[in-house]
Each structure stands twice: as C-alpha cells, then as structure tokens.
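Heads up, target_17.txt below (compact mmCIF, C-alpha atoms):
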# COMPACT_ATOMS: atom_id res chain seq x y z
CA MET O 278 56.58 69.92 100.74
CA ARG O 279 55.06 73.35 101.24
CA GLU O 280 55.91 73.19 104.95
CA GLN O 281 59.60 72.61 104.19
CA GLU O 282 59.72 75.53 101.76
CA ARG O 283 58.17 77.90 104.30
CA GLY O 284 60.47 76.64 107.04
CA GLY O 285 63.53 77.36 104.90
CA GLU O 286 62.38 80.90 104.27
CA ARG O 287 61.95 81.71 107.95
CA GLY O 288 65.70 81.52 108.57
CA GLY O 289 66.40 84.44 106.26
CA ARG O 290 67.26 83.57 102.67
CA GLU O 291 66.22 80.19 101.33
CA GLY O 292 68.12 77.37 102.96
CA ARG O 293 70.17 79.65 105.22
CA GLN O 294 69.82 79.94 108.94
CA GLU O 295 70.27 83.08 111.00
CA LEU O 296 73.91 83.61 111.90
CA PRO O 297 74.84 84.68 115.40
CA PRO O 298 75.79 88.36 115.68
CA GLN O 299 79.35 89.04 114.57
CA SER O 300 81.98 90.90 116.53
CA PRO O 301 83.30 94.14 114.98
CA GLU O 302 86.50 92.26 114.01
CA GLU O 303 84.51 89.58 112.20
CA GLN O 304 82.40 92.22 110.49
CA ALA O 305 85.50 94.12 109.40
CA ARG O 306 87.15 90.98 108.01
CA ALA O 307 83.98 90.03 106.14
CA ILE O 308 83.58 93.51 104.66
CA CYS O 309 87.22 93.63 103.52
CA LEU O 310 87.15 90.16 102.00
CA ARG O 311 83.92 90.92 100.14
CA LEU O 312 85.38 94.15 98.73
CA LEU O 313 88.70 92.53 97.83
CA THR O 314 86.94 89.69 96.02
CA GLY O 315 85.68 91.99 93.27
CA MET O 316 88.92 93.88 92.67
CA PRO O 317 92.05 95.04 94.47
CA ARG O 318 91.58 98.00 96.81
CA THR O 319 93.88 100.37 98.62
CA ARG O 320 94.13 100.46 102.37
CA ARG O 321 92.37 103.82 102.43
CA GLN O 322 89.49 102.58 100.29
CA LEU O 323 88.95 99.70 102.71
CA ALA O 324 89.32 101.97 105.76
CA ASP O 325 86.70 104.33 104.29
CA ALA O 326 84.32 101.41 103.65
CA LEU O 327 84.76 100.14 107.20
CA ALA O 328 84.18 103.61 108.66
CA LYS O 329 81.04 104.02 106.56
CA ARG O 330 79.73 100.76 108.03
CA GLY O 331 80.41 101.88 111.60
CA ILE O 332 83.44 99.71 112.36
CA PRO O 333 85.48 101.31 115.19
CA GLU O 334 88.76 102.90 114.05
CA GLU O 335 90.98 100.71 116.26
CA VAL O 336 89.33 97.51 114.98
CA SER O 337 89.62 98.76 111.41
CA GLN O 338 93.33 99.53 111.76
CA GLU O 339 94.02 96.14 113.37
CA VAL O 340 92.26 94.20 110.60
CA LEU O 341 93.82 96.29 107.82
CA SER O 342 97.30 95.90 109.29
CA ARG O 343 96.84 92.14 109.45
CA TYR O 344 95.65 92.05 105.83
CA GLU O 345 98.75 94.03 104.81
CA GLU O 346 100.98 91.57 106.68
CA VAL O 347 99.54 88.60 104.79
CA GLY O 348 99.59 90.44 101.44
CA LEU O 349 95.85 90.91 100.85
CA ILE O 350 96.37 94.67 100.83
CA ASP O 351 99.40 95.96 98.91
CA ASP O 352 99.17 99.61 97.87
CA ALA O 353 102.45 99.43 95.94
CA ALA O 354 101.25 96.49 93.85
CA PHE O 355 97.87 98.18 93.42
CA ALA O 356 99.53 101.37 92.14
CA GLY O 357 101.78 99.47 89.73
CA ALA O 358 98.91 97.48 88.29
CA TRP O 359 96.72 100.61 88.09
CA VAL O 360 99.36 102.53 86.13
CA GLU O 361 99.91 99.61 83.75
CA SER O 362 96.21 99.01 83.19
CA ARG O 363 95.05 102.61 82.85
CA HIS O 364 97.96 103.65 80.63
CA ARG O 365 97.50 100.74 78.25
CA GLY O 366 93.72 100.64 78.35
CA ARG O 367 92.78 104.31 78.48
CA GLY O 368 96.00 105.96 77.32
CA LEU O 369 96.26 108.08 80.47
CA ALA O 370 99.43 110.08 81.04
CA ARG O 371 101.44 110.22 84.25
CA ARG O 372 99.70 113.35 85.54
CA ALA O 373 96.21 111.83 85.23
CA LEU O 374 97.38 108.52 86.69
CA ALA O 375 98.97 110.28 89.68
CA GLN O 376 95.72 112.14 90.35
CA GLU O 377 93.66 108.95 90.22
CA LEU O 378 96.01 107.15 92.59
CA ARG O 379 96.02 110.05 95.05
CA THR O 380 92.22 110.04 95.14
CA LYS O 381 92.36 106.33 95.98
CA GLY O 382 94.60 107.08 98.95
CA VAL O 383 97.92 105.78 97.62
CA HIS O 384 100.86 107.44 99.38
CA THR O 385 102.86 109.91 97.26
CA THR O 386 106.07 107.86 97.33
CA LEU O 387 104.20 104.78 96.08
CA VAL O 388 102.58 106.87 93.34
CA GLN O 389 106.00 108.08 92.19
CA GLU O 390 107.43 104.55 92.23
CA ALA O 391 104.52 103.25 90.15
CA LEU O 392 104.85 106.09 87.64
CA GLU O 393 108.55 105.33 87.14
CA GLN O 394 107.53 102.32 85.05
CA LEU O 395 106.38 104.78 82.36
CA ASP O 396 109.16 106.59 80.57
CA SER O 397 108.75 109.71 78.45
CA GLU O 398 109.18 107.81 75.19
CA GLN O 399 106.46 105.33 76.10
CA GLU O 400 104.15 108.14 77.15
CA GLU O 401 104.75 110.04 73.90
CA GLN O 402 104.25 106.87 71.85
CA THR O 403 100.87 106.36 73.52
CA ALA O 404 99.97 109.99 72.78
CA ARG O 405 100.86 109.44 69.11
CA GLU O 406 98.66 106.33 68.98
CA LEU O 407 95.75 108.20 70.55
CA VAL O 408 96.11 111.05 68.03
CA GLU O 409 96.36 108.62 65.11
CA ARG O 410 93.07 107.00 66.12
CA LYS O 411 91.29 110.32 66.61
CA LEU O 412 92.86 111.90 63.50
CA ARG O 413 90.66 109.85 61.18
CA ALA O 414 87.53 111.11 62.95
CA THR O 415 88.56 114.76 62.49
CA ARG O 416 89.19 114.63 58.74
CA GLY O 417 87.05 117.16 56.94
CA LEU O 418 87.03 119.62 59.84
CA GLU O 419 88.83 122.92 59.58
CA ARG O 420 92.45 122.80 60.78
CA ASP O 421 92.02 124.90 63.92
CA LYS O 422 89.14 122.74 65.06
CA ARG O 423 91.22 119.59 64.48
CA ILE O 424 94.07 120.99 66.56
CA ARG O 425 91.73 121.93 69.40
CA ARG O 426 90.03 118.54 69.41
CA LEU O 427 93.22 116.51 69.23
CA ALA O 428 95.18 118.58 71.75
CA GLY O 429 92.11 118.77 74.03
CA MET O 430 91.74 114.99 73.99
CA LEU O 431 95.37 114.61 75.06
CA ALA O 432 95.02 117.29 77.73
CA ARG O 433 92.02 115.48 79.25
CA LYS O 434 94.15 112.37 79.48
CA GLY O 435 96.83 114.27 81.40
CA TYR O 436 99.42 114.94 78.69
CA PRO O 437 101.49 118.12 79.04
CA GLU O 438 100.59 120.91 76.62
CA GLY O 439 104.00 120.95 74.92
CA MET O 440 103.95 117.24 74.23
CA ALA O 441 100.33 117.36 73.07
CA LEU O 442 100.98 120.14 70.56
CA ARG O 443 104.19 118.49 69.32
CA VAL O 444 102.42 115.16 68.75
CA VAL O 445 99.45 116.82 67.02
CA ARG O 446 101.75 118.90 64.81
CA ARG O 447 103.72 115.85 63.71
CA ALA O 448 100.57 113.85 63.02
CA LEU O 449 99.09 116.63 60.88
CA GLU O 450 102.40 117.08 59.06
CA ALA O 451 102.52 113.37 58.33
CA GLU O 452 99.00 113.62 56.99
CA GLY O 453 100.06 116.43 54.67
CA GLU O 454 98.78 119.51 56.51
CA ASP O 455 101.00 122.58 56.24
CA ALA O 456 102.52 123.11 59.72
CA GLU O 457 103.05 126.83 59.11
CA ASP O 458 99.35 127.31 58.32
CA LEU O 459 98.59 125.63 61.64
CA GLY O 460 100.55 128.17 63.65
CA PHE O 461 103.30 125.72 64.57
CA GLY O 462 105.93 126.84 62.08
Starting from the coordinates I provided, produce the structure as structure tokens.
Amino acid sequence: MREQERGGERGGREGRQELPPQSPEEQARAICLRLLTGMPRTRRQLADALAKRGIPEEVSQEVLSRYEEVGLIDDAAFAGAWVESRHRGRGLARRALAQELRTKGVHTTLVQEALEQLDSEQEEQTARELVERKLRATRGLERDKRIRRLAGMLARKGYPEGMALRVVRRALEAEGEDAEDLGFG
C-alpha cells in the first residue's frame, strides 16, 4: 500500500500524472478558462493576465478573438451586468461606475451604453436611500457635521455635488431640521 501512495505522489499531485508541455495556445486557453470560471472578465483583463504569464501577443489576440466569437468574452454584457450589480449592491452613481469600467478596459462606447440603463430618477432614488440609511447613524451630531458626512458619502460613490446636497437637504428637512439654518435656504 505504501508503495502505491509514493508512486502516485511522484507524478506531481496525488493521482495525477505529468502532462506533456502545452503549446502557447493551449496555455492561453487554459488561463482564460480558469479566470472566466470564477467570474466574468473583460477582454483587456484577460489580455493583461496572458501577458503577465508570458503568452505571446499574437497568440493572446487569436485566443481572445475566438473566445469573443463564441461568446465567452462579451465586454458589453460585462459592462451591463457590472452597472446593474454595483448600482444596486453598492449604490454607486454613473460617474463612479464609468471609472470602474474604464479601469477594467471596457471601451468608452460600451461604458456609455451600459450607463444608459440608469436614469437620473433611479440614480437620485438610490442616493435618497443611501442618505436615509446613513441619516440614522448621524443623529445627535451637529448639523454641519451631518451635512459633511452625508454629502461626502454620496460624493465618494460618484454622485454630483448638486444632487448630493439636494438629497441631503430634503432628507434633513423631512427629519425636521431647519433648512435655512443648514445654509440651504
């Protein structure tokens, strides 16, 4: 029994035998499939991963083009799903979402198309919900500090200053704060 166990370990991991060396194309396909298994990726993210692992540019482009043809890579679908997920889950505004997508290598036109699914009313409604949740945590603080915290939270999530201040003002008014004392009147 011991002899079998040792024999299995010699081939690499237990029970596996050494695989013959892979061609760059096979390596590129394996790398892409492994990365795509965990979560969707953009073409640029995959190209960067292949370059980091020493896959030649021409091989990388060939494999990535083939994966686009068969639908394994779809930057437009990635961008749409990213906008939906990050807006609902994190409350990010269009500006922050656009920045994230650009850093992931999504082309500007695809970013704009994905952001079109968010309208201004939906974005403002999300801002109101974020402020309502944070409003409870700021009770007891002085008014100026509440404004800074609430507007700052929205700014970090990419909301325009005008919208952030308008949403904060309305939330504080609804809570009973005097808008004129807050410098909004």
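Nearest to Leu412 of chain O of all the residues O:Ala432, O:Val445, O:Val336, O:Leu378 is O:Val445, based on all atoms listed in the file.
Distances to Asp352 of chain O were evaluated for O:Val383, O:Met430, O:Ile424, O:Leu310 using only C-alpha atoms, and the minimum falls at O:Val383.
Note that atom CA of Ser337 of chain O and atom CA of Ala324 of chain O are 6.5 Å apart.
Here atom CA of Leu442 of chain O and atom CA of Ala428 of chain O stand 6.1 Å from one another.
Going from atom CA of Tyr436 of chain O to atom CA of Ala370 of chain O covers 5.4 Å.
For Gly366 of chain O, the list of residues within 12 Å, based on only C-alpha atoms and with local chain neighbours fewer than 5 positions off taken out, reads Ala358, Trp359, Val360, Glu361, Thr403, Leu407 and Lys434 of chain O.
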For each of O:Leu431, O:Leu313, O:Leu395, O:Ala373, take the minimum atom-to-atom distance to Lys411 of chain O, counting only C-alpha atoms, then give the residue where this is smallest. O:Leu431
List the spatial neighbours of Ile350 of chain O as an NGL selection string - criterion: any atom at most 7 Å away, all atoms listed in the file, same-chain residues fewer than 5 positions off excluded. :O and (319-320 or 344-345)
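For the choices O:Gly453, O:Pro301, O:Gly357, O:Gly435, the atom-to-atom distance to Glu334 of chain O is smallest for O:Pro301 when using all atoms listed in the file.
Closest approach to Asp396 of chain O among O:Gly429, O:His364, O:Arg416, O:Gly382: O:His364, based on only C-alpha atoms.
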What would segment 302-327 of chain O look like with N, CA, C and O atoms in place, written as a PDB file, in the coordinates of the input?
ATOM      1  N   GLU O 302      85.360  92.808 114.754  1.00  0.00           N
ATOM      2  CA  GLU O 302      86.500  92.260 114.010  1.00  0.00           C
ATOM      3  C   GLU O 302      86.018  91.342 112.886  1.00  0.00           C
ATOM      4  O   GLU O 302      86.508  91.410 111.762  1.00  0.00           O
ATOM      5  N   GLU O 303      85.042  90.487 113.210  1.00  0.00           N
ATOM      6  CA  GLU O 303      84.510  89.580 112.200  1.00  0.00           C
ATOM      7  C   GLU O 303      83.803  90.361 111.094  1.00  0.00           C
ATOM      8  O   GLU O 303      83.938  90.041 109.906  1.00  0.00           O
ATOM      9  N   GLN O 304      83.069  91.374 111.485  1.00  0.00           N
ATOM     10  CA  GLN O 304      82.400  92.220 110.490  1.00  0.00           C
ATOM     11  C   GLN O 304      83.423  92.889 109.578  1.00  0.00           C
ATOM     12  O   GLN O 304      83.258  92.913 108.358  1.00  0.00           O
ATOM     13  N   ALA O 305      84.475  93.434 110.178  1.00  0.00           N
ATOM     14  CA  ALA O 305      85.500  94.120 109.400  1.00  0.00           C
ATOM     15  C   ALA O 305      86.175  93.161 108.426  1.00  0.00           C
ATOM     16  O   ALA O 305      86.385  93.496 107.257  1.00  0.00           O
ATOM     17  N   ARG O 306      86.519  91.971 108.889  1.00  0.00           N
ATOM     18  CA  ARG O 306      87.150  90.980 108.010  1.00  0.00           C
ATOM     19  C   ARG O 306      86.215  90.614 106.857  1.00  0.00           C
ATOM     20  O   ARG O 306      86.631  90.543 105.701  1.00  0.00           O
ATOM     21  N   ALA O 307      84.954  90.410 107.169  1.00  0.00           N
ATOM     22  CA  ALA O 307      83.980  90.030 106.140  1.00  0.00           C
ATOM     23  C   ALA O 307      83.809  91.143 105.104  1.00  0.00           C
ATOM     24  O   ALA O 307      83.768  90.881 103.896  1.00  0.00           O
ATOM     25  N   ILE O 308      83.730  92.368 105.571  1.00  0.00           N
ATOM     26  CA  ILE O 308      83.580  93.510 104.660  1.00  0.00           C
ATOM     27  C   ILE O 308      84.805  93.603 103.741  1.00  0.00           C
ATOM     28  O   ILE O 308      84.671  93.734 102.521  1.00  0.00           O
ATOM     29  N   CYS O 309      85.995  93.526 104.321  1.00  0.00           N
ATOM     30  CA  CYS O 309      87.220  93.630 103.520  1.00  0.00           C
ATOM     31  C   CYS O 309      87.322  92.501 102.504  1.00  0.00           C
ATOM     32  O   CYS O 309      87.636  92.745 101.336  1.00  0.00           O
ATOM     33  N   LEU O 310      87.060  91.287 102.930  1.00  0.00           N
ATOM     34  CA  LEU O 310      87.150  90.160 102.000  1.00  0.00           C
ATOM     35  C   LEU O 310      86.144  90.286 100.865  1.00  0.00           C
ATOM     36  O   LEU O 310      86.461  90.007  99.711  1.00  0.00           O
ATOM     37  N   ARG O 311      84.938  90.728 101.184  1.00  0.00           N
ATOM     38  CA  ARG O 311      83.920  90.920 100.140  1.00  0.00           C
ATOM     39  C   ARG O 311      84.379  91.978  99.134  1.00  0.00           C
ATOM     40  O   ARG O 311      84.266  91.791  97.928  1.00  0.00           O
ATOM     41  N   LEU O 312      84.923  93.085  99.631  1.00  0.00           N
ATOM     42  CA  LEU O 312      85.380  94.150  98.730  1.00  0.00           C
ATOM     43  C   LEU O 312      86.598  93.727  97.913  1.00  0.00           C
ATOM     44  O   LEU O 312      86.731  94.100  96.752  1.00  0.00           O
ATOM     45  N   LEU O 313      87.489  92.964  98.530  1.00  0.00           N
ATOM     46  CA  LEU O 313      88.700  92.530  97.830  1.00  0.00           C
ATOM     47  C   LEU O 313      88.417  91.425  96.816  1.00  0.00           C
ATOM     48  O   LEU O 313      89.225  91.195  95.916  1.00  0.00           O
ATOM     49  N   THR O 314      87.289  90.757  96.947  1.00  0.00           N
ATOM     50  CA  THR O 314      86.940  89.690  96.020  1.00  0.00           C
ATOM     51  C   THR O 314      86.677  90.260  94.627  1.00  0.00           C
ATOM     52  O   THR O 314      87.083  89.687  93.633  1.00  0.00           O
ATOM     53  N   GLY O 315      86.025  91.397  94.562  1.00  0.00           N
ATOM     54  CA  GLY O 315      85.680  91.990  93.270  1.00  0.00           C
ATOM     55  C   GLY O 315      86.881  92.569  92.538  1.00  0.00           C
ATOM     56  O   GLY O 315      87.025  92.392  91.336  1.00  0.00           O
ATOM     57  N   MET O 316      87.751  93.248  93.271  1.00  0.00           N
ATOM     58  CA  MET O 316      88.920  93.880  92.670  1.00  0.00           C
ATOM     59  C   MET O 316      89.866  94.337  93.778  1.00  0.00           C
ATOM     60  O   MET O 316      89.434  94.497  94.918  1.00  0.00           O
ATOM     61  N   PRO O 317      91.124  94.548  93.445  1.00  0.00           N
ATOM     62  CA  PRO O 317      92.050  95.040  94.470  1.00  0.00           C
ATOM     63  C   PRO O 317      91.621  96.421  94.966  1.00  0.00           C
ATOM     64  O   PRO O 317      91.035  97.207  94.213  1.00  0.00           O
ATOM     65  N   ARG O 318      91.905  96.706  96.205  1.00  0.00           N
ATOM     66  CA  ARG O 318      91.580  98.000  96.810  1.00  0.00           C
ATOM     67  C   ARG O 318      92.780  98.499  97.595  1.00  0.00           C
ATOM     68  O   ARG O 318      93.598  97.714  98.056  1.00  0.00           O
ATOM     69  N   THR O 319      92.836  99.799  97.786  1.00  0.00           N
ATOM     70  CA  THR O 319      93.880 100.370  98.620  1.00  0.00           C
ATOM     71  C   THR O 319      93.458 100.296 100.077  1.00  0.00           C
ATOM     72  O   THR O 319      92.283 100.113 100.395  1.00  0.00           O
ATOM     73  N   ARG O 320      94.435 100.468 100.941  1.00  0.00           N
ATOM     74  CA  ARG O 320      94.130 100.460 102.370  1.00  0.00           C
ATOM     75  C   ARG O 320      93.114 101.546 102.708  1.00  0.00           C
ATOM     76  O   ARG O 320      92.187 101.327 103.470  1.00  0.00           O
ATOM     77  N   ARG O 321      93.296 102.736 102.124  1.00  0.00           N
ATOM     78  CA  ARG O 321      92.370 103.820 102.430  1.00  0.00           C
ATOM     79  C   ARG O 321      90.957 103.526 101.941  1.00  0.00           C
ATOM     80  O   ARG O 321      89.979 103.847 102.612  1.00  0.00           O
ATOM     81  N   GLN O 322      90.820 102.929 100.780  1.00  0.00           N
ATOM     82  CA  GLN O 322      89.490 102.580 100.290  1.00  0.00           C
ATOM     83  C   GLN O 322      88.789 101.635 101.254  1.00  0.00           C
ATOM     84  O   GLN O 322      87.606 101.796 101.538  1.00  0.00           O
ATOM     85  N   LEU O 323      89.528 100.651 101.748  1.00  0.00           N
ATOM     86  CA  LEU O 323      88.950  99.700 102.710  1.00  0.00           C
ATOM     87  C   LEU O 323      88.645 100.387 104.032  1.00  0.00           C
ATOM     88  O   LEU O 323      87.587 100.147 104.628  1.00  0.00           O
ATOM     89  N   ALA O 324      89.554 101.246 104.499  1.00  0.00           N
ATOM     90  CA  ALA O 324      89.320 101.970 105.760  1.00  0.00           C
ATOM     91  C   ALA O 324      88.071 102.842 105.643  1.00  0.00           C
ATOM     92  O   ALA O 324      87.253 102.895 106.578  1.00  0.00           O
ATOM     93  N   ASP O 325      87.895 103.500 104.496  1.00  0.00           N
ATOM     94  CA  ASP O 325      86.700 104.330 104.290  1.00  0.00           C
ATOM     95  C   ASP O 325      85.433 103.480 104.306  1.00  0.00           C
ATOM     96  O   ASP O 325      84.413 103.865 104.876  1.00  0.00           O
ATOM     97  N   ALA O 326      85.495 102.302 103.675  1.00  0.00           N
ATOM     98  CA  ALA O 326      84.320 101.410 103.650  1.00  0.00           C
ATOM     99  C   ALA O 326      83.981 100.921 105.052  1.00  0.00           C
ATOM    100  O   ALA O 326      82.804 100.840 105.422  1.00  0.00           O
ATOM    101  N   LEU O 327      85.003 100.608 105.833  1.00  0.00           N
ATOM    102  CA  LEU O 327      84.760 100.140 107.200  1.00  0.00           C
ATOM    103  C   LEU O 327      84.169 101.266 108.061  1.00  0.00           C
ATOM    104  O   LEU O 327      83.247 101.035 108.840  1.00  0.00           O
TER     105      LEU O 327
END
